[in-house]
Amino acid sequence: FRLQLGSVRNKSKTKQIYKNFKKKFPKYFLSEYPYIEKVVIKDRGTFYRIKSFESYSKEEAKKICKKLLSEKFDCLISKRNSIWN
């Protein structure tokens with residue numbers, strides 16, 4: 001499982017958004033760069049999903065997401081093409 005930390009239209013914003021997560025939660029995000037998933041949504045355009053480079057067990061992902069959400073940060077748990085909040 002990966003953590004999805006946001007979705008933006010502007011690819012250049014992805015690194016800064018991830019940097020904010022990494023700065024606030026360094027023990028969860030060890031990688032220097034996020035995993036970026038480009039998604040084209042019909043009638044809406046192209047989006048870049050910002051995901052953790054690290055993978056977690058389902059229980060770890062739930063725990064971390066709960067922590068991020070409690071601190072007013074976005075977080076979704078994703079596996080392959082599925083997403084859970």
# chains A, B, ... in the order shown; residues from 1 in each chain; ligands from 1
call {"tool": "select_by_dssp", "arguments": {"residues": "stretch 34-81 of chain A", "states": "helix (DSSP H, G or I)", "output": "ChimeraX atom specification"}}
result
/A:58-70
call {"tool": "residues_around", "arguments": {"residues": "A:Phe73", "least_positions_apart": "2", "cutoff": "10 Å", "atoms": "only C-alpha atoms", "output": "ChimeraX atom specification"}}
result
/A:5-6,20-21,24,65-71,75
call {"tool": "write_last_selection", "arguments": {"atoms": "all heavy atoms", "output": "short mmCIF file (atom, residue, chain, number, x, y, z; two decimals), in the first residue's frame"}}
result
data_model
loop_
_atom_site.label_atom_id
_atom_site.label_comp_id
_atom_site.auth_asym_id
_atom_site.auth_seq_id
_atom_site.Cartn_x
_atom_site.Cartn_y
_atom_site.Cartn_z
N LEU A 5 -1.00 11.51 -1.14
CA LEU A 5 -0.93 12.73 -0.35
C LEU A 5 -1.58 13.92 -1.03
O LEU A 5 -1.69 14.99 -0.43
CB LEU A 5 0.54 13.04 -0.05
CG LEU A 5 1.33 11.86 0.52
CD1 LEU A 5 2.81 12.19 0.59
CD2 LEU A 5 0.78 11.45 1.87
N GLY A 6 -1.99 13.75 -2.25
CA GLY A 6 -2.64 14.83 -2.97
C GLY A 6 -2.72 14.53 -4.45
O GLY A 6 -2.14 13.55 -4.94
N ASN A 20 6.68 19.25 1.94
CA ASN A 20 5.94 19.66 3.15
C ASN A 20 5.59 18.46 4.02
O ASN A 20 5.70 18.52 5.25
CB ASN A 20 4.68 20.43 2.78
CG ASN A 20 4.97 21.79 2.19
OD1 ASN A 20 6.06 22.34 2.35
ND2 ASN A 20 4.01 22.32 1.46
N PHE A 21 5.16 17.36 3.39
CA PHE A 21 4.85 16.14 4.14
C PHE A 21 6.12 15.59 4.77
O PHE A 21 6.13 15.19 5.93
CB PHE A 21 4.22 15.09 3.22
CG PHE A 21 2.75 15.25 3.03
CD1 PHE A 21 2.25 16.05 2.01
CD2 PHE A 21 1.85 14.60 3.85
CE1 PHE A 21 0.88 16.19 1.82
CE2 PHE A 21 0.48 14.74 3.68
CZ PHE A 21 0.01 15.54 2.66
N LYS A 24 7.21 17.65 7.81
CA LYS A 24 6.33 17.50 8.97
C LYS A 24 6.35 16.08 9.55
O LYS A 24 6.23 15.89 10.75
CB LYS A 24 4.90 17.89 8.56
CG LYS A 24 3.88 17.79 9.66
CD LYS A 24 3.99 18.91 10.64
CE LYS A 24 2.85 18.80 11.65
NZ LYS A 24 2.98 19.70 12.75
N CYS A 65 -2.15 7.27 7.92
CA CYS A 65 -3.18 8.14 7.35
C CYS A 65 -4.00 8.80 8.46
O CYS A 65 -4.30 9.99 8.37
CB CYS A 65 -4.10 7.34 6.43
SG CYS A 65 -4.11 7.90 4.74
N LYS A 66 -4.34 8.04 9.46
CA LYS A 66 -5.11 8.59 10.58
C LYS A 66 -4.34 9.74 11.23
O LYS A 66 -4.90 10.78 11.54
CB LYS A 66 -5.40 7.49 11.60
CG LYS A 66 -6.29 7.91 12.72
CD LYS A 66 -6.61 6.73 13.63
CE LYS A 66 -7.51 7.17 14.77
NZ LYS A 66 -7.86 6.05 15.66
N LYS A 67 -3.03 9.56 11.40
CA LYS A 67 -2.18 10.59 11.99
C LYS A 67 -2.15 11.84 11.10
O LYS A 67 -2.32 12.97 11.58
CB LYS A 67 -0.76 10.04 12.18
CG LYS A 67 0.27 11.05 12.59
CD LYS A 67 0.08 11.49 14.02
CE LYS A 67 1.25 12.38 14.45
NZ LYS A 67 0.95 13.14 15.63
N LEU A 68 -1.95 11.65 9.79
CA LEU A 68 -1.90 12.78 8.86
C LEU A 68 -3.22 13.53 8.84
O LEU A 68 -3.24 14.76 8.90
CB LEU A 68 -1.54 12.30 7.45
CG LEU A 68 -0.05 12.25 7.12
CD1 LEU A 68 0.73 11.34 8.03
CD2 LEU A 68 0.14 11.83 5.68
N LEU A 69 -4.32 12.80 8.78
CA LEU A 69 -5.64 13.43 8.75
C LEU A 69 -5.92 14.20 10.04
O LEU A 69 -6.51 15.28 10.00
CB LEU A 69 -6.72 12.38 8.51
CG LEU A 69 -6.72 11.75 7.10
CD1 LEU A 69 -7.64 10.52 7.07
CD2 LEU A 69 -7.12 12.76 6.04
N SER A 70 -5.46 13.68 11.17
CA SER A 70 -5.68 14.36 12.45
C SER A 70 -4.93 15.69 12.52
O SER A 70 -5.29 16.58 13.28
CB SER A 70 -5.28 13.47 13.62
OG SER A 70 -3.87 13.41 13.75
N GLU A 71 -3.89 15.81 11.70
CA GLU A 71 -3.11 17.05 11.65
C GLU A 71 -3.48 17.91 10.43
O GLU A 71 -2.72 18.78 10.02
CB GLU A 71 -1.62 16.72 11.66
CG GLU A 71 -1.25 15.93 12.91
CD GLU A 71 0.04 16.36 13.55
OE1 GLU A 71 0.56 17.43 13.21
OE2 GLU A 71 0.52 15.60 14.40
N CYS A 75 -4.76 12.53 2.97
CA CYS A 75 -4.20 11.18 2.92
C CYS A 75 -5.26 10.20 2.45
O CYS A 75 -6.38 10.20 2.95
CB CYS A 75 -3.67 10.75 4.29
SG CYS A 75 -2.83 9.17 4.24
#
call {"tool": "select_by_dssp", "arguments": {"residues": "chain A", "states": "strand (DSSP E)", "output": "list in words"}}
result
Arg2, Leu3, Gln4, Leu5, Gly6, Ser7, Val8, Tyr35, Ile36, Glu37, Lys38, Val39, Val40, Ile41, Gly45, Thr46, Phe47, Tyr48, Arg49, Ile50, Lys51, Leu76, Ile77, Ser78, Lys79, Ser82, Ile83 and Trp84 of chain A
call {"tool": "atom_distance", "arguments": {"atom1": "atom CA of A:Gln4", "atom2": "atom CA of A:Leu76"}}
result
4.9 Å
call {"tool": "atom_distance", "arguments": {"atom1": "atom CA of A:Tyr28", "atom2": "atom CA of A:Ile64"}}
result
7.6 Å
call {"tool": "atom_distance", "arguments": {"atom1": "atom CA of A:Phe29", "atom2": "atom CA of A:Ser52"}}
result
6.8 Å
call {"tool": "closest_residue", "arguments": {"among": "A:Ser78, A:Gln16, A:Ser57, A:Asn10", "to": "A:Pro34", "atoms": "only C-alpha atoms"}}
result
A:Gln16
call {"tool": "closest_residue", "arguments": {"among": "A:Ile36, A:Arg9, A:Phe1, A:Lys62", "to": "A:Arg49", "atoms": "only C-alpha atoms"}}
result
A:Ile36
call {"tool": "residues_around", "arguments": {"residues": "A:Ser31", "least_positions_apart": "4", "cutoff": "10 Å", "atoms": "only C-alpha atoms", "output": "mmCIF file with C-alpha atoms, in the first residue's frame"}}
result
data_model
loop_
_atom_site.group_PDB
_atom_site.id
_atom_site.type_symbol
_atom_site.label_atom_id
_atom_site.label_comp_id
_atom_site.auth_asym_id
_atom_site.auth_seq_id
_atom_site.Cartn_x
_atom_site.Cartn_y
_atom_site.Cartn_z
ATOM 1 C CA LYS A 22 8.456 14.998 4.460
ATOM 2 C CA PRO A 26 10.088 12.626 8.402
ATOM 3 C CA TYR A 35 5.989 8.397 -6.458
ATOM 4 C CA SER A 52 4.623 7.922 -0.924
ATOM 5 C CA PHE A 53 7.558 6.176 -2.502
ATOM 6 C CA GLU A 54 7.522 3.845 0.499
#
call {"tool": "closest_residue", "arguments": {"among": "A:Val8, A:Ile77, A:Ile17, A:Leu3", "to": "A:Lys38", "atoms": "only C-alpha atoms"}}
result
A:Val8
